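Novice: Dropping the structure in here first, questions after.
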Amino acid sequence: MAKLYPRSTVGIALLYTAGGLVWLAAMGLAAMWFRTILLNPHVNTKAGYAIAPLYYFLVTFHGQAAMMMIVEDIALSVFAYSLYKSGMSTVHNKVLTTAFWLINLPMIITFIGGPLQGWYMYPPLSLQLGSWIFYGSFAPALAGKLIGLAYFMMFLNAIGAIIASLTLFLDAYKTRPREGKIPVFAAYGMAFGGALIFVTEFALAAAELWYVLYFWASVPVNPLTWVVLFWFWGHPVVYYAPFTVFGGLYYLIPKFSGRPLFSEKWARYNIILLFTFSMLAWVHHLQTWPLPVVLRAFITPTTLILAAGSGLTVLNLGLTIATGKGYQWKNPVGLSALVALIGFILAGLQALILPLNPLNVIVHNTYYVVGHFHLMIWTIIVVGYVSILLDMLTTKMNGATLTNLSSGMISGGIIMWTVGAFLLGYTMSYAGYEGLIRRWVAYPVRFLPYMDAMTFFAIIMGASFVMYGLPVLFTLLGVKTSLFWQTSGLSGVSNMTISGGSGTSPTMSTKEIDATVTKIDKSSKSQLDKDVKT
C-alpha cells in the first residue's frame with residue numbers, strides 16, 4: 001500500500017524540499033523566459049504592447065512562486081530537519097502533509113488565470129479585470145467571480161503556511177528536551193520557520209480575503225490599509241528562509257571548523273533581536289508614500305538594528321571559522337555553508353544605503369534593489385539551503401558519502417553559480433544606479449548592453465544549477481544513487497563478493513548493492529520511527 005504521507009521527521013523535511021525544488025525550477029524557467037524578452041527593449045510601441053502581457057505574467061509568476069511557495073517550503077523543510085538533528089520530531093505528520101498540499105496546489109489555479117499585477121498585488125491594479133490574461137477576458141460578471149476564486153486560492157496558500165508552521169512549532173514544543181535548552185538549530189527553526197511565519201501570514205491571508213470579498217461581495221478596499229497588511233507580511237517573508245538557514249549554518253560551520261560555535265549565547269540573544277525587528281522594518285517599503293517625518297526617522301534605525309542582528313550572526317560564524325582547527329572547505333557541504341556566509345556578507349553591503357531616506361530615493365524601484373535581494377536569495381537562501389539539503393540527503397543515505405563525481409559536480413556547480421550570481425547581481429545594481437527601472441518591458445535602448453550581460457550571466461547560473469542539482473534530484477528520486485553516493489565498506493567498488501552459507505561466493509552487482517542499501521535504509525527508518533514513538 002502506497003504511503004499517503006511521510007511517517008518520519010526526515011520524510012516531512014524531504015516532502016517540503018520536493019515542493020520547494022519543483023517551484024524553484026519552474027521559477028527559474030520563467031526568469032530565463034522573460035530575460036529573453038528583455039533582450040529587445042521594444043521601443044516600437046506596437047511590438048511592446050503585444051509582448052507586454054506575457055512579460056508581466058512571467059514576472060508575476062516568478063515573484064509569487066518565490067514568495068508564496070518556495071520561501072515557505074524551504075523554511076518549513078529546514079525547520080523539520082532541525083528537529084531531527086536536535087533529537088526532536090514531528091508528531092502530526094498527516095496535518096503537515098495536508099498543509100503542504102494547501103501551500104502548493106491552490107496556486108496552480110491562480111496561475112492558470114494569468115495574473116499580471118506582480119507578486120505585490122497592489123490596488124487598484126489588482127482590482128481591475130484587465131490585470132488577468134485569462135480570467136479577465138470573460139464576461140465581466142464571470143471574470144470577477146474567477147478572479148475572486150484566484151485570490152481565494154492564494155488565501156488557502158496562506159492558511160496552509162499558517163497550519164504547517166504552527167503545527168511544527170507545537171510538535172517542537174511537545175518533543176523538546178526535558179532537560180537543558182533547545183539546541184540552537186531547532187531554536188532558529190521554531191522562531192523563524194515557525195512563529196514568524198504564523199504571526200505574519202495572518203496579515204497576508206486577511207489582505208487576500210479582502211480581495212476575495214471585493215470580487216464576490218463588492219466590499220470596498222482601502223489601498224493604504226491593504227498595503228500595510230501586505231507589507232507586514234511582505235517584508236518578514238524575506239527572512240523566513242534566511243533566518244531559518246542561519247540555524248543550519250550554526251550547526252554546520254562549527255562542524256566543519258572543528259570546534260563548537262564561538263558563542264551560543266550570542267546566537268540565542270540574536271533570535272530575539274532578529275524576530276522583533278524583522279516585523280518593524282517593513283515600513284521602509286513605504287518610503288515613496290507621503291509619510292510623516294517621525295515615521296521616516298523610525299525607518300532608518302529599525303532597519304539598521306535588524307542589519308546589526310545579521311552582522312552578529314556573521315561575526316559569530318566568522319570567529320568560529322577563524323578560531324577553528326582549519327575549515328574543511330573541500331567538502332561540498334562545508335563549501336556550500338562557507339559560500340552562503342560570504343555571499344550573505346557581500347549581498348548585505350549593498351543594502352546599507354536603502355534605509356537612508358536621502359539615498360533611497362536615488363535607487364528606489366530600480367534594478368539596484370533587484371540586484372541586492374536577488375544576491376541574498378542566490379547566496380544565503382539557495383546556497384545555504386543546499387548545504388543543509390546535502391546534510392539531509394546524507395541522513396537519507398544512512399551516512400553514505402558523496403562520490404568523487406558528485407563532489408566535483410556539486411562543488412564546481414556551487415562555485416560557478418556564485419560567480420554567475422555576483423556578476424549578475426552587481427550588473428543589476430549598477431544598471432539600477434544608472435537609472436534602469438525594474439519591471440519595465442519597454443526600457444530605454446541605452447540599457448540594452450546591461451540586459452545582454454545579465455542574460456549571459458543568468459545562463460551561467462542556469463548551467464551551474466543543473467550541475468549541482470542533478471546529484472540532488474537523482475538522490476531524491478532514488479535513481480542511480482551509486483553514481484553519487486558511496487556506502488561505507490563499498491567505497492569505489494562496483495561489485496562485491498559475499499560468502500554464502502554453502503561456501504559459494506556469488507558476485508553481487510551494483511544494482512543488487514543498491515537494492516541491499518535500500519533495504520537497510522528502510523530498516524533504519526523503521527527503527528528510527530520506533531525510537532521516536534518510544
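Chain labels A, B, ... are given in the sequence in which chains occur in the C-alpha cells; within each chain residues are numbered consecutively from 1, and ligands are likewise numbered from 1 in the order shown.
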Between range 61-121 of chain A and range 426-445 of chain A, at 12 Å or less, what are the per-residue closest atom pairs and their distances in Å? Count only C-alpha atoms, order by chain and rising residue number, and return it as a tab-separated table.

Specialist:
```
residue	atom	partner	partner_atom	distance
A:His62	CA	A:Arg439	CA	11.8
A:Gly63	CA	A:Arg439	CA	11.2
A:Leu116	CA	A:Arg439	CA	11.1
A:Gln117	CA	A:Arg439	CA	10.5
A:Gly118	CA	A:Arg439	CA	8.8
A:Trp119	CA	A:Arg439	CA	11.3
```

Novice: Residues at most 6 Å from range 391-403 of chain A, counting only C-alpha atoms, excluding those fewer than 5 positions away in the same chain, as a PDB file with all heavy atoms, in the first residue's frame?

Specialist:
```
ATOM      1  N   PHE A 484      26.435   8.615  -7.240  1.00  0.00           N
ATOM      2  CA  PHE A 484      26.640   9.831  -6.464  1.00  0.00           C
ATOM      3  C   PHE A 484      26.979   9.584  -4.999  1.00  0.00           C
ATOM      4  O   PHE A 484      27.435  10.498  -4.317  1.00  0.00           O
ATOM      5  CB  PHE A 484      25.388  10.707  -6.550  1.00  0.00           C
ATOM      6  CG  PHE A 484      24.986  11.035  -7.968  1.00  0.00           C
ATOM      7  CD1 PHE A 484      23.838  10.507  -8.522  1.00  0.00           C
ATOM      8  CD2 PHE A 484      25.783  11.857  -8.751  1.00  0.00           C
ATOM      9  CE1 PHE A 484      23.478  10.797  -9.828  1.00  0.00           C
ATOM     10  CE2 PHE A 484      25.433  12.152 -10.053  1.00  0.00           C
ATOM     11  CZ  PHE A 484      24.274  11.627 -10.603  1.00  0.00           C
ATOM     12  N   TRP A 485      26.750   8.364  -4.515  1.00  0.00           N
ATOM     13  CA  TRP A 485      26.999   8.074  -3.104  1.00  0.00           C
ATOM     14  C   TRP A 485      27.768   6.775  -2.968  1.00  0.00           C
ATOM     15  O   TRP A 485      27.530   5.821  -3.699  1.00  0.00           O
ATOM     16  CB  TRP A 485      25.677   7.957  -2.337  1.00  0.00           C
ATOM     17  CG  TRP A 485      24.894   9.238  -2.314  1.00  0.00           C
ATOM     18  CD1 TRP A 485      23.985   9.646  -3.230  1.00  0.00           C
ATOM     19  CD2 TRP A 485      24.993  10.275  -1.343  1.00  0.00           C
ATOM     20  NE1 TRP A 485      23.492  10.881  -2.898  1.00  0.00           N
ATOM     21  CE2 TRP A 485      24.081  11.282  -1.729  1.00  0.00           C
ATOM     22  CE3 TRP A 485      25.725  10.451  -0.169  1.00  0.00           C
ATOM     23  CZ2 TRP A 485      23.908  12.456  -0.994  1.00  0.00           C
ATOM     24  CZ3 TRP A 485      25.557  11.607   0.565  1.00  0.00           C
ATOM     25  CH2 TRP A 485      24.661  12.596   0.152  1.00  0.00           C
ATOM     26  N   GLN A 486      28.689   6.743  -2.019  1.00  0.00           N
ATOM     27  CA  GLN A 486      29.420   5.524  -1.717  1.00  0.00           C
ATOM     28  C   GLN A 486      29.200   5.155  -0.252  1.00  0.00           C
ATOM     29  O   GLN A 486      29.399   5.970   0.638  1.00  0.00           O
ATOM     30  CB  GLN A 486      30.910   5.679  -2.033  1.00  0.00           C
ATOM     31  CG  GLN A 486      31.587   6.867  -1.382  1.00  0.00           C
ATOM     32  CD  GLN A 486      32.976   7.115  -1.924  1.00  0.00           C
ATOM     33  OE1 GLN A 486      33.317   6.620  -3.000  1.00  0.00           O
ATOM     34  NE2 GLN A 486      33.777   7.863  -1.188  1.00  0.00           N
ATOM     35  N   THR A 487      28.738   3.940  -0.067  1.00  0.00           N
ATOM     36  CA  THR A 487      28.442   3.466   1.276  1.00  0.00           C
ATOM     37  C   THR A 487      29.710   2.957   1.940  1.00  0.00           C
ATOM     38  O   THR A 487      30.589   2.414   1.284  1.00  0.00           O
ATOM     39  CB  THR A 487      27.403   2.332   1.217  1.00  0.00           C
ATOM     40  OG1 THR A 487      26.290   2.781   0.462  1.00  0.00           O
ATOM     41  CG2 THR A 487      26.948   1.932   2.611  1.00  0.00           C
TER      42      THR A 487
END
```

Novice: Skip Val333 in chain A itself and residues of its chain fewer than 5 positions away, then list as a PyMOL selection string all residues within 12 Å of it, counting only C-alpha atoms.

Specialist: chain A and resi 248-249+251-253+255-256+327-328+338-340+383-394+401-402+406-408+410-411+414+468

Novice: Find the residues near Leu286 in chain A: any atom within 10 Å, counting only C-alpha atoms, skip ones fewer than 3 places away on the same chain, and give them as a list in words.

Specialist: Leu224, Val227, Val228, Trp231, Trp282, Val283, Trp289, Pro290, Leu291, Arg296 and Ile299 of chain A

Novice: Got a sec: who's within 12 Å of Lys3 in chain A, counting only C-alpha atoms, leaving out chain neighbours fewer than 5 positions off, as a list in words?

Specialist: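 Here the answer would be Ser8, Gly11, Asn93, Lys94 and Thr97 of chain A.
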
Novice: Kindly save the residues from that selection, with C-alpha atoms included, as an mmCIF file, in the first residue's frame.

Specialist:
```cif
data_model
loop_
_atom_site.group_PDB
_atom_site.id
_atom_site.type_symbol
_atom_site.label_atom_id
_atom_site.label_comp_id
_atom_site.auth_asym_id
_atom_site.auth_seq_id
_atom_site.Cartn_x
_atom_site.Cartn_y
_atom_site.Cartn_z
ATOM 1 C CA SER A 8 9.195 10.281 9.786
ATOM 2 C CA GLY A 11 10.324 12.378 5.429
ATOM 3 C CA ASN A 93 2.547 14.202 10.011
ATOM 4 C CA LYS A 94 -0.911 13.918 8.432
ATOM 5 C CA THR A 97 1.143 16.740 4.672
#
```

Novice: Can you work out the spacing between CA of Thr167 in chain A and CA of Glu72 in chain A in Å, to one decimal?

Specialist: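 Interatomic distance here is 13.8 Å.
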
Novice: Nearest to Leu209 in chain A: which of A:Phe230, A:Phe298, A:Tyr135, A:Phe57 is it, counting only C-alpha atoms?

Specialist: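 With only C-alpha atoms as the atom set, the closest residue is A:Phe230.
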
Novice: Assign secondary structure with DSSP using the backbone only, and return the residues of range 89-324 of chain A in alpha helix (DSSP H) as JSON, numbers by chain.

Specialist: {"A": [93, 94, 95, 96, 97, 98, 99, 100, 101, 102, 103, 104, 106, 107, 108, 109, 110, 111, 112, 140, 141, 142, 143, 144, 145, 146, 147, 148, 149, 150, 151, 152, 153, 154, 155, 156, 157, 158, 159, 160, 161, 162, 163, 164, 165, 166, 167, 168, 169, 170, 171, 172, 173, 174, 184, 185, 186, 187, 188, 196, 197, 198, 199, 200, 201, 202, 203, 204, 205, 206, 207, 208, 209, 210, 211, 212, 213, 214, 215, 216, 217, 223, 224, 225, 226, 227, 228, 229, 230, 231, 232, 233, 234, 237, 238, 239, 240, 241, 242, 243, 244, 245, 246, 247, 248, 249, 250, 251, 252, 253, 254, 255, 256, 257, 264, 265, 266, 267, 268, 269, 270, 271, 272, 273, 274, 275, 276, 277, 278, 293, 294, 295, 296, 297, 298, 299, 300, 301, 302, 303, 304, 305, 306, 307, 308, 309, 310, 311, 312, 313, 314, 315, 316, 317, 318, 319, 320, 321, 322]}

Novice: Suppose you want the space between CA of His374 in chain A and CA of Leu424 in chain A; what is it in Å?

Specialist: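 Between CA of His374 in chain A and CA of Leu424 in chain A the gap works out to 9.2 Å.
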
Novice: Using only C-alpha atoms for the distances, tell me which of A:Thr244, A:Ser263, A:Thr200, A:Thr379 is nearest to Leu312 in chain A.

Specialist: A:Ser263

Novice: Hey, which of A:Ala206, A:Met121, A:Leu102, A:Leu196 ends up closest to Tyr239 in chain A? Count only C-alpha atoms.

Specialist: A:Leu196

Novice: Using Å and a single decimal, report how far CA of Leu304 in chain A sits from CA of Gly318 in chain A.

Specialist: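 Result for CA of Gly318 in chain A versus CA of Leu304 in chain A: 20.1 Å, one decimal.
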
Novice: Just the residues within 10 Å of Met279 in chain A, please, counting only C-alpha atoms, with nothing from its chain fewer than 2 positions along; format it as a count of residues only.

Specialist: 20

Novice: Mind checking which residues fall within 12 Å of Thr175 in chain A, counting only C-alpha atoms, ignoring those fewer than 3 positions away in the same chain, and posting them as a compact mmCIF listing (two decimals) with N, CA and C atoms, in the first residue's frame?

Specialist:
```txt
# COMPACT_ATOMS: atom_id res chain seq x y z
N THR A 9 10.21 12.32 10.56
CA THR A 9 10.54 13.74 10.55
C THR A 9 11.35 14.09 9.31
N LEU A 83 14.56 19.78 13.74
CA LEU A 83 14.03 18.97 14.84
C LEU A 83 14.73 17.61 14.88
N TYR A 84 14.87 17.01 13.71
CA TYR A 84 15.53 15.70 13.64
C TYR A 84 16.97 15.78 14.16
N SER A 86 18.15 17.75 16.22
CA SER A 86 18.18 18.19 17.62
C SER A 86 17.56 17.16 18.56
N GLY A 87 17.29 15.95 18.05
CA GLY A 87 16.69 14.92 18.88
C GLY A 87 15.21 15.13 19.14
N MET A 88 14.58 15.97 18.33
CA MET A 88 13.14 16.23 18.45
C MET A 88 12.46 15.62 17.21
N SER A 89 11.15 15.79 17.09
CA SER A 89 10.49 15.14 15.96
C SER A 89 9.15 15.78 15.65
N THR A 90 8.67 15.51 14.44
CA THR A 90 7.30 15.88 14.09
C THR A 90 6.36 14.82 14.67
N VAL A 91 5.15 15.23 14.98
CA VAL A 91 4.15 14.32 15.55
C VAL A 91 2.93 14.22 14.64
N HIS A 92 2.45 15.36 14.17
CA HIS A 92 1.22 15.39 13.37
C HIS A 92 1.57 15.40 11.87
N LEU A 168 4.27 22.54 13.24
CA LEU A 168 5.67 22.22 13.51
C LEU A 168 6.13 22.85 14.82
N PHE A 169 5.69 24.07 15.09
CA PHE A 169 6.05 24.75 16.33
C PHE A 169 5.54 23.97 17.54
N LEU A 170 4.28 23.55 17.49
CA LEU A 170 3.70 22.80 18.61
C LEU A 170 4.34 21.43 18.76
N ASP A 171 4.65 20.78 17.62
CA ASP A 171 5.35 19.49 17.69
C ASP A 171 6.73 19.65 18.31
N ALA A 172 7.40 20.74 17.94
CA ALA A 172 8.73 21.01 18.50
C ALA A 172 8.64 21.21 20.01
N ARG A 178 13.64 17.51 27.80
CA ARG A 178 13.10 17.72 29.15
C ARG A 178 14.12 18.36 30.07
N GLU A 179 15.38 18.24 29.71
CA GLU A 179 16.45 18.87 30.48
C GLU A 179 17.33 19.67 29.53
N ILE A 182 16.74 24.00 24.27
CA ILE A 182 16.52 23.53 22.90
C ILE A 182 17.76 23.86 22.09
N ALA A 186 17.35 23.99 16.22
CA ALA A 186 15.90 23.89 16.39
C ALA A 186 15.30 25.20 16.89
N VAL A 532 11.47 7.13 17.95
CA VAL A 532 10.77 8.41 18.15
C VAL A 532 9.49 8.18 18.94
N LYS A 533 8.70 7.14 18.54
CA LYS A 533 7.46 6.84 19.25
C LYS A 533 7.72 6.49 20.71
N THR A 534 8.81 5.72 20.92
CA THR A 534 9.17 5.36 22.30
C THR A 534 9.51 6.60 23.12
```

Novice: Do you have, as CSV, the list of residues of range 21-76 of chain A lying at most 9 Å from range 454-462 of chain A, each with its nearest atom pair and that distance in Å to one decimal, counting only C-alpha atoms and ordered by chain then number?

Specialist:
```
residue,atom,partner,partner_atom,distance
A:Gly28,CA,A:Gly462,CA,7.8
A:Leu29,CA,A:Gly462,CA,8.9
A:Ala31,CA,A:Ala458,CA,8.8
A:Met32,CA,A:Ala458,CA,7.3
A:Arg35,CA,A:Thr455,CA,6.1
A:Thr36,CA,A:Thr455,CA,7.2
A:Leu38,CA,A:Thr455,CA,8.7
A:Leu39,CA,A:Thr455,CA,7.8
```

Novice: Between A:Ser77, A:Gly160, A:Gly114, A:Thr98, which residue has the minimum interatomic distance to Leu54 in chain A, considering only C-alpha atoms?

Specialist: A:Gly114
